[in-house]
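K.L.:
Input file: run13.cif. Contents: mmCIF, C-alpha atoms.
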data_model
loop_
_atom_site.label_atom_id
_atom_site.label_comp_id
_atom_site.auth_asym_id
_atom_site.auth_seq_id
_atom_site.Cartn_x
_atom_site.Cartn_y
_atom_site.Cartn_z
CA MET A 1 214.21 112.30 170.63
CA VAL A 2 211.00 113.99 169.34
CA SER A 3 209.52 116.61 171.60
CA GLN A 4 205.81 116.79 172.35
CA GLU A 5 205.51 119.99 170.29
CA GLN A 6 207.12 118.31 167.29
CA ARG A 7 204.84 115.30 167.72
CA ARG A 8 201.80 117.57 167.89
CA ARG A 9 202.80 119.36 164.69
CA GLN A 10 203.47 116.03 162.95
CA LEU A 11 200.05 114.73 163.87
CA ALA A 12 198.45 117.99 162.73
CA ARG A 13 200.29 117.77 159.41
CA GLU A 14 199.25 114.14 158.88
CA LYS A 15 195.63 115.09 159.67
CA PHE A 16 195.81 117.93 157.15
CA LEU A 17 197.23 115.58 154.49
CA ARG A 18 194.47 113.06 155.12
CA GLN A 19 191.86 115.80 154.77
CA GLN A 20 193.46 116.95 151.54
CA GLN A 21 193.45 113.40 150.18
CA ARG A 22 189.77 112.98 151.10
CA ARG A 23 188.90 116.26 149.39
CA THR A 24 190.93 115.32 146.31
CA GLU A 25 189.21 111.94 146.16
CA ALA A 26 185.82 113.57 146.60
CA ARG A 27 186.52 116.01 143.76
CA ARG A 28 187.66 113.11 141.53
CA LYS A 29 184.49 111.16 142.25
CA ALA A 30 182.41 114.28 141.60
CA ARG A 31 184.11 114.77 138.23
CA VAL A 32 183.45 111.15 137.30
CA ARG A 33 179.82 111.44 138.39
CA ASN A 34 179.27 114.72 136.55
CA SER A 35 180.89 113.32 133.44
CA ALA A 36 178.57 110.33 133.53
CA ILE A 37 175.54 112.57 134.02
CA ALA A 38 176.65 114.78 131.15
CA SER A 39 177.06 111.76 128.92
CA VAL A 40 173.59 110.50 129.75
CA LEU A 41 172.07 113.93 129.18
CA GLY A 42 173.91 114.17 125.89
CA VAL A 43 172.43 110.88 124.75
CA ILE A 44 168.96 112.02 125.83
CA VAL A 45 169.29 115.34 124.01
CA ILE A 46 170.61 113.71 120.85
CA GLY A 47 167.83 111.13 120.99
CA ALA A 48 165.23 113.82 121.52
CA VAL A 49 166.53 115.85 118.57
CA ALA A 50 166.57 112.76 116.39
CA LEU A 51 163.04 111.86 117.48
CA TYR A 52 161.81 115.41 116.86
CA THR A 53 163.41 115.48 113.42
CA THR A 54 161.85 112.13 112.57
CA HIS A 55 158.41 113.34 113.60
CA VAL A 56 158.67 116.56 111.61
CA LEU A 57 160.16 115.17 108.43
CA GLY A 58 159.01 111.57 108.44
CA ASP A 59 156.33 109.55 110.20
CA GLY A 60 155.54 112.49 112.45
CA ASP A 61 153.61 114.05 109.58
CA LYS A 62 151.31 111.07 109.58
CA LYS A 63 150.72 111.45 113.30
CA THR A 64 149.97 115.13 112.89
CA ASP A 65 147.48 114.37 110.14
CA ALA A 66 145.78 111.75 112.27
CA SER A 67 145.57 114.19 115.17
CA ALA A 68 144.07 116.85 112.93
CA LYS A 69 141.35 114.42 111.91
CA THR A 70 140.30 113.66 115.46
CA THR A 71 141.02 116.94 117.27
CA PRO A 72 139.08 120.08 116.30
CA SER A 73 141.33 123.00 115.39
CA ALA A 74 141.15 126.24 113.43
CA SER A 75 143.43 124.85 110.73
CA ALA A 76 141.63 121.53 110.35
CA SER A 77 139.47 121.15 107.26
CA PRO A 78 135.77 121.28 108.10
CA SER A 79 133.96 117.96 107.81
CA LYS A 80 131.45 117.75 104.98
CA ALA A 81 127.87 116.64 105.29
CA PRO A 82 126.66 114.02 102.81
CA ASP A 83 125.87 115.43 99.38
CA PRO A 84 122.06 115.38 99.05
CA CYS A 85 122.07 115.98 95.29
CA HIS A 86 122.29 113.87 92.15
CA LYS A 87 124.90 113.91 89.41
CA PRO A 88 124.52 116.74 86.88
CA ALA A 89 122.92 116.03 83.52
CA ALA A 90 125.23 115.53 80.56
CA GLY A 91 126.31 118.75 78.90
CA SER A 92 128.51 121.78 79.40
CA VAL A 93 128.15 125.47 80.06
CA LYS A 94 127.72 127.67 77.00
CA LYS A 95 130.13 130.57 76.64
CA LEU A 96 127.76 133.35 75.68
CA SER A 97 128.09 137.12 75.89
CA TRP A 98 126.24 140.15 74.56
CA LYS A 99 127.19 143.79 74.31
CA LYS A 100 123.88 145.23 75.41
CA GLU A 101 120.71 144.39 77.29
CA PRO A 102 118.17 142.50 75.15
CA ALA A 103 115.23 144.40 73.73
CA MET A 104 112.05 144.26 75.79
CA SER A 105 109.92 141.34 74.66
CA ILE A 106 107.89 140.23 77.69
CA ASP A 107 104.31 141.16 78.48
CA THR A 108 104.57 143.00 81.80
CA SER A 109 100.91 142.32 82.56
CA ALA A 110 101.35 138.56 82.28
CA LYS A 111 102.59 136.03 84.85
CA TYR A 112 105.97 134.40 84.35
CA THR A 113 107.62 131.52 86.18
CA LEU A 114 111.31 130.65 86.22
CA ASP A 115 111.83 126.96 86.85
CA LEU A 116 115.30 125.89 87.96
CA ALA A 117 115.64 122.17 87.36
CA THR A 118 118.62 121.47 89.60
CA THR A 119 120.52 118.37 90.62
CA CYS A 120 118.88 118.75 94.04
CA GLY A 121 115.31 119.17 92.80
CA ASP A 122 113.12 121.73 91.05
CA ILE A 123 112.91 125.29 92.35
CA PRO A 124 109.96 127.19 90.82
CA ILE A 125 110.16 130.98 91.07
CA ALA A 126 107.25 133.32 90.48
CA LEU A 127 108.67 136.33 88.63
CA LYS A 128 107.63 139.93 89.22
CA ALA A 129 107.35 141.05 85.60
CA SER A 130 105.50 144.32 86.25
CA ALA A 131 107.73 145.39 89.15
CA ALA A 132 111.07 144.36 87.61
CA PRO A 133 110.52 144.24 83.84
CA HIS A 134 114.15 144.67 82.74
CA THR A 135 115.30 141.89 85.05
CA VAL A 136 112.53 139.46 84.14
CA ASN A 137 112.97 140.22 80.44
CA SER A 138 116.68 139.47 80.77
CA PHE A 139 116.02 136.15 82.50
CA ASP A 140 113.52 135.19 79.83
CA PHE A 141 116.14 135.99 77.18
CA LEU A 142 119.05 134.23 78.91
CA ALA A 143 117.06 131.12 79.80
CA GLY A 144 115.88 130.88 76.20
CA LYS A 145 119.51 130.89 75.05
CA GLY A 146 120.46 128.11 77.49
CA TYR A 147 122.73 130.51 79.35
CA PHE A 148 122.04 129.05 82.82
CA ASP A 149 122.08 125.40 81.77
CA HIS A 150 124.77 123.27 83.49
CA THR A 151 125.93 126.19 85.68
CA LYS A 152 126.80 125.70 89.34
CA CYS A 153 125.37 127.60 92.26
CA HIS A 154 128.78 128.69 93.46
CA ARG A 155 128.24 130.40 96.81
CA LEU A 156 126.41 129.64 100.04
CA THR A 157 126.38 132.10 102.93
CA THR A 158 125.31 130.75 106.32
CA GLN A 159 126.29 133.54 108.71
CA GLY A 160 125.00 137.11 108.83
CA ILE A 161 122.89 136.64 105.72
CA TYR A 162 121.43 133.39 104.41
CA VAL A 163 121.60 133.07 100.66
CA LEU A 164 122.48 130.66 97.86
CA GLN A 165 124.03 132.47 94.90
CA CYS A 166 123.78 131.20 91.31
CA GLY A 167 123.81 132.43 87.73
CA ASP A 168 127.54 132.62 86.97
CA PRO A 169 128.66 130.41 84.05
CA GLN A 170 132.24 130.70 85.30
CA GLY A 171 131.31 129.43 88.76
CA THR A 172 133.66 131.97 90.35
CA GLY A 173 131.40 134.91 91.14
CA MET A 174 133.07 136.93 88.36
CA GLY A 175 130.97 135.94 85.34
CA GLY A 176 128.17 137.80 83.60
CA PRO A 177 126.30 138.14 80.31
CA GLY A 178 128.35 141.10 79.05
CA TYR A 179 125.71 143.71 79.88
CA THR A 180 124.29 145.16 83.08
CA LEU A 181 120.76 145.88 84.24
CA PRO A 182 119.16 148.82 86.02
CA ASP A 183 118.16 148.38 89.66
CA GLU A 184 114.42 147.80 90.02
CA ASN A 185 111.71 147.29 92.63
CA LEU A 186 113.87 148.48 95.54
CA LYS A 187 110.74 149.70 97.37
CA ASP A 188 109.04 146.33 97.23
CA ALA A 189 106.54 145.94 100.07
CA SER A 190 108.28 142.74 101.22
CA LEU A 191 111.52 144.58 102.06
CA LYS A 192 110.73 145.72 105.57
CA LYS A 193 113.29 147.02 108.07
CA ASN A 194 116.20 146.38 105.69
CA THR A 195 115.42 142.67 105.55
CA TYR A 196 115.06 140.36 102.56
CA PRO A 197 112.58 137.71 103.72
CA ALA A 198 113.02 133.98 103.17
CA GLY A 199 111.79 132.95 99.73
CA THR A 200 113.01 136.12 98.00
CA VAL A 201 115.01 135.90 94.77
CA ALA A 202 117.10 139.00 94.07
CA MET A 203 119.90 140.20 91.82
CA ALA A 204 123.50 140.23 92.95
CA ASN A 205 125.61 143.24 92.05
CA THR A 206 129.03 144.77 92.64
CA GLY A 207 127.80 147.12 95.35
CA GLN A 208 127.41 149.93 92.82
CA LYS A 209 124.15 151.05 91.25
CA HIS A 210 122.87 149.37 88.10
CA THR A 211 125.52 146.60 88.02
CA GLY A 212 123.29 143.54 88.02
CA GLY A 213 123.97 140.97 85.32
CA SER A 214 123.03 137.30 85.48
CA GLN A 215 123.97 136.38 89.05
CA PHE A 216 121.13 136.10 91.53
CA PHE A 217 120.61 134.85 95.06
CA LEU A 218 117.92 132.79 96.75
CA VAL A 219 117.15 133.77 100.34
CA TYR A 220 116.47 130.74 102.55
CA LYS A 221 116.16 132.63 105.85
CA ASP A 222 115.31 136.26 106.62
CA SER A 223 118.48 138.23 105.87
CA PRO A 224 119.41 141.76 106.97
CA LEU A 225 120.35 143.61 103.78
CA PRO A 226 119.88 147.19 102.58
CA PRO A 227 117.37 147.55 99.72
CA GLN A 228 120.05 147.64 97.01
CA TYR A 229 119.40 144.34 95.27
CA THR A 230 116.53 144.01 92.80
CA PRO A 231 113.92 141.59 94.21
CA PHE A 232 112.39 139.99 91.14
CA GLY A 233 110.83 136.70 92.28
CA THR A 234 109.59 134.49 95.09
CA ILE A 235 110.09 130.78 95.73
CA ASP A 236 107.09 128.55 96.46
CA ALA A 237 106.88 126.03 99.33
CA ALA A 238 108.14 123.10 97.24
CA GLY A 239 111.11 125.13 96.09
CA MET A 240 111.92 126.14 99.67
CA LYS A 241 112.11 122.47 100.66
CA VAL A 242 114.72 121.92 97.96
CA LEU A 243 116.59 125.06 99.00
CA ASN A 244 116.63 123.98 102.64
CA LYS A 245 117.96 120.57 101.63
CA ILE A 246 120.83 122.30 99.83
CA THR A 247 121.64 124.69 102.65
CA GLY A 248 121.35 121.94 105.25
CA ALA A 249 124.50 120.33 103.82
CA GLY A 250 126.48 123.46 104.71
CA GLU A 251 129.31 125.22 102.94
CA SER A 252 132.88 124.12 102.27
CA THR A 253 134.99 126.51 104.36
CA GLY A 254 133.32 126.13 107.73
CA GLN A 255 133.55 129.93 108.04
CA GLY A 256 130.02 130.70 106.87
CA ASP A 257 130.73 131.77 103.29
CA GLY A 258 131.94 129.40 100.58
CA ALA A 259 130.95 126.87 97.97
CA PRO A 260 127.98 124.72 98.99
CA ASN A 261 128.79 121.17 100.01
CA ALA A 262 125.81 120.07 97.97
CA THR A 263 126.56 119.73 94.27
CA VAL A 264 124.01 122.29 93.07
CA VAL A 265 123.94 122.46 89.29
CA ILE A 266 121.16 124.02 87.23
CA ASP A 267 120.58 121.32 84.64
CA LYS A 268 117.98 123.46 82.89
CA ALA A 269 116.45 126.90 83.45
CA THR A 270 113.10 127.62 81.81
CA VAL A 271 110.88 130.71 81.83
CA THR A 272 107.21 130.10 81.07
CA LYS A 273 104.35 132.56 80.58
CA SER A 274 100.91 131.90 81.95
#
Give the structure from this file in structure tokens form.

P.N.:
Amino acid sequence: MVSQEQRRRQLAREKFLRQQQRRTEARRKARVRNSAIASVLGVIVIGAVALYTTHVLGDGDKKTDASAKTTPSASASPSKAPDPCHKPAAGSVKKLSWKKEPAMSIDTSAKYTLDLATTCGDIPIALKASAAPHTVNSFDFLAGKGYFDHTKCHRLTTQGIYVLQCGDPQGTGMGGPGYTLPDENLKDASLKKNTYPAGTVAMANTGQKHTGGSQFFLVYKDSPLPPQYTPFGTIDAAGMKVLNKITGAGESTGQGDGAPNATVVIDKATVTKS
């Protein structure tokens, strides 16, 4: 016959076994549940990786491009304004070079005008023959040889200074006639407080003295510059309208210094004496 103590121990043991079974069953269910969750997560991760790879290497490129077109960003290409200019005249740039500055042939007491017949309109420039004789004489010589004909105005600066640069047959900012000119007229009365006023036409240079060649710039808005660039002409009101039309189209980089969006080509440059 079983004593009460034995019965108590038996019941305690059976209770313990039942608890152990419940714990074992709970652990089994937990393992099954965790396994299922892991499987689902694995599918999600694999799907996400596959989707990411597809976007990067396949159709995703198209979506990125579309986003770049509609969302402003530093890497997005700047939008271009409509080109306000006409197609260039038929012809090509002449490859001309000389070893030395041309002999003086102008009359420094006379009036000379440089007319730039461009694809955007005519830009007449009154030249300062008496104040910048070497420069004006060079332009008279080069224009007579057709040196500027069919050349592009290759640079437009819209921040800091406000100039359109022309006169390089290469269209790169590296071209020249083969000779250099002395700096002239650097104490011109118009150059006040280190500013080149709107309407000024001046020579570009390398930053060193006496390195002007054929490249020149047209100032369309007062520009802070040291008096180191030969001012040799001024643009009249009609010419300024054309210049403002060109500059209004902006430049290609969106950073304030690049090729003009307008197709500015000098179809013909002519110097006339009056």

K.L.:
The residues within 12 Å of (116.0, 136.9, 86.3), using all atoms listed in the file and the coordinates of the file, should be reported as a ChimeraX atom specification; which are they?

P.N.:
/A:112-116,125-129,132-144,147-148,166-167,177,181,184,201-204,212-218,230-234,269-271

K.L.:
Can you list, as a list in words, the residues that the PyMOL selection byres ((chain A and resi 237-242) around 7) selects here?

P.N.:
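Listing what the PyMOL selection byres ((chain A and resi 237-242) around 7) selects in the shown file: Cys120, Gly121, Asp122, Ile123, Pro124, Gly199, Ile235, Asp236, Leu243, Asn244, Lys245 and Ile246 of chain A.
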
K.L.:
Mind pulling up the distance from atom CA of Leu225 of chain A to atom CA of Arg155 of chain A?

P.N.:
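It comes out at 16.9 Å.
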
K.L.:
What does the distance from atom CA of His150 of chain A to atom CA of Thr211 of chain A come to in Å, to one decimal?

P.N.:
23.8 Å

K.L.:
Tell me, in Å to one decimal, how far atom CA of Leu186 of chain A is from atom CA of Val219 of chain A.

P.N.:
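The value is 15.8 Å.
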
K.L.:
For His86 of chain A, which residue among A:Gln255, A:Thr206, A:Thr263, A:Thr272 is the nearest when counting all atoms listed in the file?

P.N.:
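That would be A:Thr263, the residue with the smallest distance to His86 of chain A.
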
K.L.:
Here is a test: counting only C-alpha atoms, which residue of A:Ala81, A:Pro88, A:Gly178, A:Gly171 is nearest to Glu101 of chain A?

P.N.:
A:Gly178

K.L.:
What do you get, as a list in words, if you spell out every residue that the PyMOL selection byres ((chain A and resi 153) around 6) selects here?

P.N.:
Lys152, His154, Gln165, Cys166 and Val264 of chain A

K.L.:
Using all atoms listed in the file, which of the listed residues (A:Gln228, A:Gly173, A:Ser274, A:Tyr179) sits closest to Ile106 of chain A?

P.N.:
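Residue with the minimum atom-to-atom distance to Ile106 of chain A: A:Ser274.
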